[in-house]
Every structure is written in structure tokens, then in C-alpha cells.
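For reference, the structure is listed below as C-alpha cells.
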Amino acid sequence: MFMYGICIGADVIDEGYRGEIKVILVNHINDIFRAKRGDRIVQLIVEKKTYCEIKEVKKLTDIMR
């Protein structure tokens, strides 16, 4: 889309969201851009959410990473 002067606002969809997904397009040129049905204008990336336990330490030893 960038070659047409169109930028797409990236965002994160919360895991509990169940509504319609919409896209924000920003036109940075003076030409009118019209998306047609079937045009591929965005990409959806699905990732598994990972929960980590964080342990705070005062000092790292030589073998700790």
C-alpha cells in the first residue's frame, strides 16, 4: 500500500475482543485511493500470548543469563 501513498495503522487486538475488525488507512498523497472488494490491503498476524514469571535478583553469577 505504501507505493500508493497509503499507510496502515498497526494495532494489537486484545484476546477477549469479539467484535468486527476494522482498518485505518491514511492517504499521504493528493490522489484519491479507492479500495475494491477483494483487494489485499492489510495483513493479520496471529500470535500465541505467552505468560512469563519474572524473578528479580540482586546480582547475576557468571552462569546465570
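Each chain of the C-alpha cells is named A, B, ... in the order shown, its residues numbered from 1; ligands are numbered from 1 in display order.
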
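Note that DSSP on the backbone gives strand (DSSP E or B) to these residues of chain A: Ile6, Cys7, Ile8, Leu25, Val26 and Asn27 of chain A.
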
Could you give me, as CSV, a per-residue list for stretch 18-65 of chain A showing, wherever an atom lies at most 10 Å from an atom of stretch 7-13 of chain A, the closest pair of atoms and their distance in Å to one decimal, using only C-alpha atoms and sorting by chain then residue number from low to high?
```
residue,atom,partner,partner_atom,distance
A:Arg18,CA,A:Ile13,CA,9.5
A:Ile21,CA,A:Ile13,CA,8.6
A:Val23,CA,A:Ile8,CA,7.4
A:Ile24,CA,A:Gly9,CA,5.6
A:Leu25,CA,A:Ile8,CA,4.8
A:Val26,CA,A:Cys7,CA,5.1
A:Asn27,CA,A:Cys7,CA,6.6
A:His28,CA,A:Cys7,CA,7.6
A:Ile41,CA,A:Ile8,CA,8.4
A:Val42,CA,A:Ile8,CA,7.5
A:Gln43,CA,A:Ala10,CA,9.6
A:Leu44,CA,A:Ala10,CA,9.8
A:Ile45,CA,A:Val12,CA,9.6
A:Val46,CA,A:Ile13,CA,9.6
```

### Task
Counting only C-alpha atoms, figure out which residue out of A:Lys48, A:Ile32, A:Glu56, A:Thr61 gets nearest to A:Asp14.
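That would be A:Lys48, the residue with the smallest distance to A:Asp14.
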
### Interatomic distance (Å, one decimal) between atom CA of A:Gly5 and atom CA of A:Lys36
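According to the coordinates, atom CA of A:Gly5 and atom CA of A:Lys36 are separated by 16.3 Å.
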
### Query
Looking at A:Asp31, A:Asp62, A:Glu15, A:Glu20, which one is nearest to A:Lys49, with distances taken over only C-alpha atoms?
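Under the stated criterion, the closest residue is A:Glu15.
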
### Query
atom CA of A:Tyr4 and atom CA of A:Lys22 are how many Å apart?
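Going from atom CA of A:Tyr4 over to atom CA of A:Lys22, I get 19.9 Å.
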